[in-house]
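First comes the structure, then the notes that go with it.
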Protein chains: 2
Amino acid sequence: MTAAPQVSGDDRGFTLGDGLFETVLWDAGELKLWDAHMERLNSSCDKLGLPLPPLGACRRAALAIVKAQMLGAERAAVRLTWSAGPGGRGLDRPDAPSPQLTATAAVSVKWVGPARLATVSVRRNDTSPASRLKSLSYLDNVLARQEARSAGADEALMLNTRGELACAGVANLFWIEKGVLYTPAIACGVLNGIMRGALIERAGRAGADIREVAATPEALSRASAVFLTNSLIGVRPVASIDGRLVGHDPFVQILQALLDDVS
Amino acid sequence: MTAAPQVSGDDRGFTLGDGLFETVLWDAGELKLWDAHMERLNSSCDKLGLPLPPLGACRRAALAIVKAQMLGAERAAVRLTWSAGPGGRGLDRPDAPSPQLTATAAVSVKWVGPARLATVSVRRNDTSPASRLKSLSYLDNVLARQEARSAGADEALMLNTRGELACAGVANLFWIEKGVLYTPAIACGVLNGIMRGALIERAGRAGADIREVAATPEALSRASAVFLTNSLIGVRPVASIDGRLVGHDPFVQILQALLDDVS
């Protein structure tokens, strides 16, 4: 491992959490779902009012960091951070922001085991556009995870400010009821996850009935299975929620198989 | 100006907004309300589960940055950032976090003029402990300010998730009605502002009737005056809210005078 890159102490990414990131799986020599990650980064920049990142430079930075740091590893999590850049003092960005690109990488294991969820008190702030972006202001999720760990779980189940299901600390949420696949709608304060999108697209093409909904937590108690998705874990089954065991559904394995080449 | 200090690109302050800061007014050779700032930083570390900062080193860093960068300036905003330090990947902190202290300074003007507020759609997430801390995850406030600027105002009026009055983008909110001073309670998702605390203490000692309340925005339309406080501006009158002019009350000038030695 080489040393981490340095960033300026007056970068708004550091001072205010003003910026975005993408976490991309590198596996078998490939950056998985790369185009989808770059599309999301672009559209997130539009929503935040940040200049777009140079996509060629992003790809070169991602490949360079893998080459420099991941010697011998088969799978890596490559993180690209697009921070708002030097900002001086105060909330207002400079008239012409100069965002900064920072790349890091870490070894990523394929299988982390089923998740035990705990419903936490920290809610997803669906009133803020940031709730639908992979932003550098992630402290609510850090606190949600802390709360879940304190409850003896390993991941948080977050509701939004209206008490509807939103997501986990670092993953999107899905459940199955009577053969139908459900996931909270983006408007519920949910990140437009890359693996979430890939699953919806591929399962839809395979003929599955998929519904993006606003639902209360009671929906999970009626589910035959619950699982999480993100770019590094693919599909991760949920074993329990607040200590209550969650069932198995063979449908989950089929969905896992649908994503096998990208997770 | 010397170059900004460098921070590591894998500092959790940069990657996740995991950390805290204080903005201290330096004026007439003094760091104003220093003890109150350090007490808040300590108690905020407890709430976030971060090791406490070395207070002597904080003071030395603050004075050193003023000496190095503020030659000739009478007033400066000194920012001390206590970020969670190197974290590797993921939400969970290392077992023994090594927070990092970073100091910066900028010239600060005494008088910024009355504020024109716009009520924004981004709500203060009172369900999160972070809403009561001066944390590095400030993107909601950046977005709130953007929204206020787009509406032709210069500062945001933020409500909480229940629709109660909370605060401005970078200031606490006060109003006066029939000689009584009101401010949103901390539980409303409000930063425990240093100037807010100083005002409550000093005005209380001077015999004022001060109430920390949960109130709806309608309270402001009944107010004889509305104003903001923070450590750099002291008391800043509000001229208008959503285009509606706000009245004057001589009480505000008396409160300003009470804080004259620290703002």
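Each chain in the structure tokens gets a letter, A, B, ..., in the order shown, and its residues are numbered from 1; ligands are numbered from 1 in order too.
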List every residue of chain A that has an atom at most 7 Å from any atom of chain B, giving for each one its closest atom pair and the distance in Å to one decimal, counting only C-alpha atoms, sorted by chain and then by ascending residue number, as a tab-separated table.
```
residue	atom	partner	partner_atom	distance
A:Ala4	CA	B:Gly9	CA	5.7
A:Pro5	CA	B:Gly9	CA	5.1
A:Gln6	CA	B:Ser8	CA	4.6
A:Val7	CA	B:Val7	CA	5.3
A:Ser8	CA	B:Gln6	CA	4.6
A:Gly9	CA	B:Gln6	CA	5.1
A:Asp10	CA	B:Ala4	CA	6.1
A:Gly13	CA	B:Phe14	CA	5.8
A:Phe14	CA	B:Phe14	CA	4.2
A:Thr15	CA	B:Leu136	CA	5.9
A:Leu16	CA	B:Tyr138	CA	4.7
A:Gly17	CA	B:Ser137	CA	4.8
A:Asp18	CA	B:Leu139	CA	5.5
A:Arg89	CA	B:Ala106	CA	7.0
A:Leu91	CA	B:Val142	CA	5.3
A:Asp92	CA	B:Val142	CA	6.9
A:Ala106	CA	B:Arg89	CA	7.0
A:Ser121	CA	B:Thr127	CA	6.7
A:Val122	CA	B:Ser128	CA	4.9
A:Arg123	CA	B:Thr127	CA	5.7
A:Asn125	CA	B:Asn125	CA	5.9
A:Thr127	CA	B:Val122	CA	5.2
A:Ser128	CA	B:Val122	CA	4.9
A:Ala130	CA	B:Asp140	CA	6.8
A:Leu136	CA	B:Leu16	CA	5.1
A:Ser137	CA	B:Ser137	CA	4.0
A:Tyr138	CA	B:Leu16	CA	4.7
A:Leu139	CA	B:Asp18	CA	5.5
A:Asp140	CA	B:Ser128	CA	6.4
A:Val142	CA	B:Leu91	CA	5.3
A:Arg145	CA	B:Leu91	CA	6.9
A:Thr161	CA	B:Thr161	CA	6.4
```
Export of prior selection with N, CA, C and O atoms as a compact mmCIF listing (two decimals), in the first residue's frame:
```txt
# COMPACT_ATOMS: atom_id res chain seq x y z
N ALA A 4 -1.88 7.38 1.34
CA ALA A 4 -3.12 7.97 0.81
C ALA A 4 -2.79 9.30 0.15
O ALA A 4 -1.87 10.00 0.57
N PRO A 5 -3.57 9.70 -0.86
CA PRO A 5 -3.34 11.02 -1.48
C PRO A 5 -3.68 12.12 -0.49
O PRO A 5 -4.45 11.90 0.45
N GLN A 6 -3.11 13.29 -0.70
CA GLN A 6 -3.38 14.42 0.18
C GLN A 6 -4.44 15.32 -0.45
O GLN A 6 -4.50 15.45 -1.67
N VAL A 7 -5.27 15.90 0.40
CA VAL A 7 -6.21 16.91 -0.10
C VAL A 7 -6.00 18.18 0.72
O VAL A 7 -5.49 18.14 1.83
N SER A 8 -6.43 19.28 0.14
CA SER A 8 -6.24 20.56 0.82
C SER A 8 -7.21 20.69 1.99
O SER A 8 -8.39 20.32 1.88
N GLY A 9 -6.71 21.22 3.09
CA GLY A 9 -7.55 21.41 4.28
C GLY A 9 -8.64 22.44 4.08
O GLY A 9 -9.53 22.55 4.92
N ASP A 10 -8.60 23.20 2.98
CA ASP A 10 -9.72 24.11 2.72
C ASP A 10 -10.60 23.62 1.58
O ASP A 10 -11.43 24.37 1.06
N GLY A 13 -14.98 19.63 0.37
CA GLY A 13 -15.29 18.24 0.69
C GLY A 13 -14.92 17.95 2.13
O GLY A 13 -15.67 17.27 2.85
N PHE A 14 -13.80 18.47 2.57
CA PHE A 14 -13.34 18.27 3.95
C PHE A 14 -14.06 19.19 4.94
O PHE A 14 -14.48 18.77 6.01
N THR A 15 -14.22 20.46 4.57
CA THR A 15 -14.76 21.41 5.55
C THR A 15 -16.28 21.32 5.70
O THR A 15 -16.81 21.59 6.79
N LEU A 16 -17.00 20.91 4.63
CA LEU A 16 -18.47 20.96 4.65
C LEU A 16 -19.14 19.69 4.13
O LEU A 16 -20.36 19.63 4.04
N GLY A 17 -18.35 18.68 3.76
CA GLY A 17 -18.95 17.49 3.15
C GLY A 17 -19.59 17.81 1.81
O GLY A 17 -20.57 17.18 1.41
N ASP A 18 -19.05 18.82 1.11
CA ASP A 18 -19.61 19.29 -0.15
C ASP A 18 -18.92 18.56 -1.30
O ASP A 18 -17.83 18.95 -1.73
N ARG A 89 -14.09 30.46 3.22
CA ARG A 89 -14.97 30.30 4.35
C ARG A 89 -16.43 30.44 3.94
O ARG A 89 -16.74 31.13 2.98
N LEU A 91 -20.76 29.03 3.51
CA LEU A 91 -21.53 28.03 2.79
C LEU A 91 -21.48 28.21 1.27
O LEU A 91 -21.56 27.25 0.52
N ASP A 92 -21.40 29.47 0.82
CA ASP A 92 -21.49 29.74 -0.62
C ASP A 92 -20.23 29.28 -1.33
O ASP A 92 -19.12 29.62 -0.92
N ALA A 106 -9.23 -0.26 -1.90
CA ALA A 106 -9.08 -1.17 -0.77
C ALA A 106 -9.50 -2.56 -1.23
O ALA A 106 -10.34 -2.70 -2.13
N SER A 121 -32.99 5.03 15.14
CA SER A 121 -33.77 6.27 15.33
C SER A 121 -33.36 7.36 14.35
O SER A 121 -34.16 8.26 14.07
N VAL A 122 -32.14 7.30 13.83
CA VAL A 122 -31.70 8.31 12.86
C VAL A 122 -32.45 8.08 11.55
O VAL A 122 -32.36 7.00 10.97
N ARG A 123 -33.17 9.08 11.12
CA ARG A 123 -33.98 8.94 9.90
C ARG A 123 -33.22 9.48 8.69
O ARG A 123 -32.36 10.35 8.81
N ASN A 125 -33.05 11.85 5.73
CA ASN A 125 -33.67 13.16 5.53
C ASN A 125 -34.14 13.33 4.08
O ASN A 125 -33.48 13.97 3.26
N THR A 127 -36.21 15.22 2.88
CA THR A 127 -36.48 16.60 2.45
C THR A 127 -35.27 17.21 1.74
O THR A 127 -35.38 18.26 1.13
N SER A 128 -34.11 16.54 1.84
CA SER A 128 -32.89 17.08 1.25
C SER A 128 -32.51 16.30 0.00
O SER A 128 -32.49 15.07 0.00
N ALA A 130 -29.72 15.75 -0.91
CA ALA A 130 -28.54 14.96 -0.55
C ALA A 130 -28.92 13.52 -0.19
O ALA A 130 -28.09 12.61 -0.29
N LEU A 136 -20.56 13.51 0.26
CA LEU A 136 -19.51 13.43 1.29
C LEU A 136 -20.04 13.73 2.69
O LEU A 136 -19.29 13.68 3.65
N SER A 137 -21.33 14.07 2.80
CA SER A 137 -21.94 14.31 4.12
C SER A 137 -22.64 13.03 4.57
O SER A 137 -23.85 12.87 4.39
N TYR A 138 -21.90 12.14 5.14
CA TYR A 138 -22.39 10.79 5.43
C TYR A 138 -22.54 10.52 6.92
O TYR A 138 -22.70 9.37 7.32
N LEU A 139 -22.48 11.57 7.73
CA LEU A 139 -22.44 11.34 9.18
C LEU A 139 -23.71 10.69 9.70
O LEU A 139 -23.64 9.86 10.62
N ASP A 140 -24.87 11.02 9.13
CA ASP A 140 -26.10 10.36 9.59
C ASP A 140 -25.99 8.84 9.44
O ASP A 140 -26.47 8.09 10.30
N VAL A 142 -23.14 7.11 9.40
CA VAL A 142 -22.17 6.65 10.40
C VAL A 142 -22.87 6.46 11.75
O VAL A 142 -22.69 5.45 12.44
N ARG A 145 -25.23 3.45 11.70
CA ARG A 145 -24.48 2.21 11.85
C ARG A 145 -24.06 2.00 13.31
O ARG A 145 -24.17 0.90 13.85
N THR A 161 -38.24 10.53 7.09
CA THR A 161 -38.86 11.39 8.11
C THR A 161 -40.35 11.14 8.24
O THR A 161 -40.96 11.56 9.23
```
Worksheet item: as a PyMOL selection string, which residues of region 18-262 of chain A does DSSP assign to strand (DSSP E or B)?
Response: chain A and resi 19-27+30-31+75-83+86+100-107+115-119+124+135+155-160+165-168+172-177+180-184+210-213+225-230+234-241+244-245
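Take CA of Arg196 (chain A) and CA of Leu258 (chain A): the distance between them is 12.3 Å.
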Discussion item. Excluding region 239-244 of chain B and its own-chain neighbours fewer than 2 positions away, which residues fall within 12 Å of it when counting only C-alpha atoms? Please give them as a PyMOL selection string.
Written reply: chain B and resi 113-120+148-158+168+217-218+220-221+223-228+236-237+246-249
Discussion item. With DSSP run on the backbone, what are the alpha helix (DSSP H) residues within region 10-189 of chain A? I'd like them as a PyMOL selection string.
Written reply: chain A and resi 12-16+34-48+55-69+139-150
Worksheet item: Which residue out of B:Val252, B:Met38, B:Leu33, B:Ile186 has the minimum interatomic distance to Asn230 (chain B) when only C-alpha atoms are used?
Response: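 Closest to Asn230 (chain B) of all the choices is B:Leu33.
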Fill in: Minimum-distance residue to Pro184 (chain A), chosen among A:Leu71, A:Ile200, A:Leu245, A:Ala215 (using only C-alpha atoms)
A:Ala215
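Counting from CA of Gly85 (chain B), the distance to CA of Leu101 (chain B) is 8.9 Å.
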Discussion item. List as a ChimeraX atom specification the protein and nucleic acid residues near Leu63 (chain B), meaning an atom at most 10 Å away when only C-alpha atoms are counted, but skip any in the same chain fewer than 3 places from it.
Written reply: /B:26,29-31,57-60,66-68,78,103,105
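Residues lying within 8 Å of Asn172 (chain B), counting only C-alpha atoms and ignoring same-chain neighbours fewer than 5 positions away, are Ala166, Cys167, Thr183, Val190, Leu191, Gly193, Arg196, Leu228, Thr229 and Asn230 of chain B.
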Item to complete: State, in Å with one decimal place, the distance from CA of Lys32 (chain B) to CA of Glu212 (chain B).
Response: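 We find that CA of Lys32 (chain B) and CA of Glu212 (chain B) lie 24.3 Å from each other.
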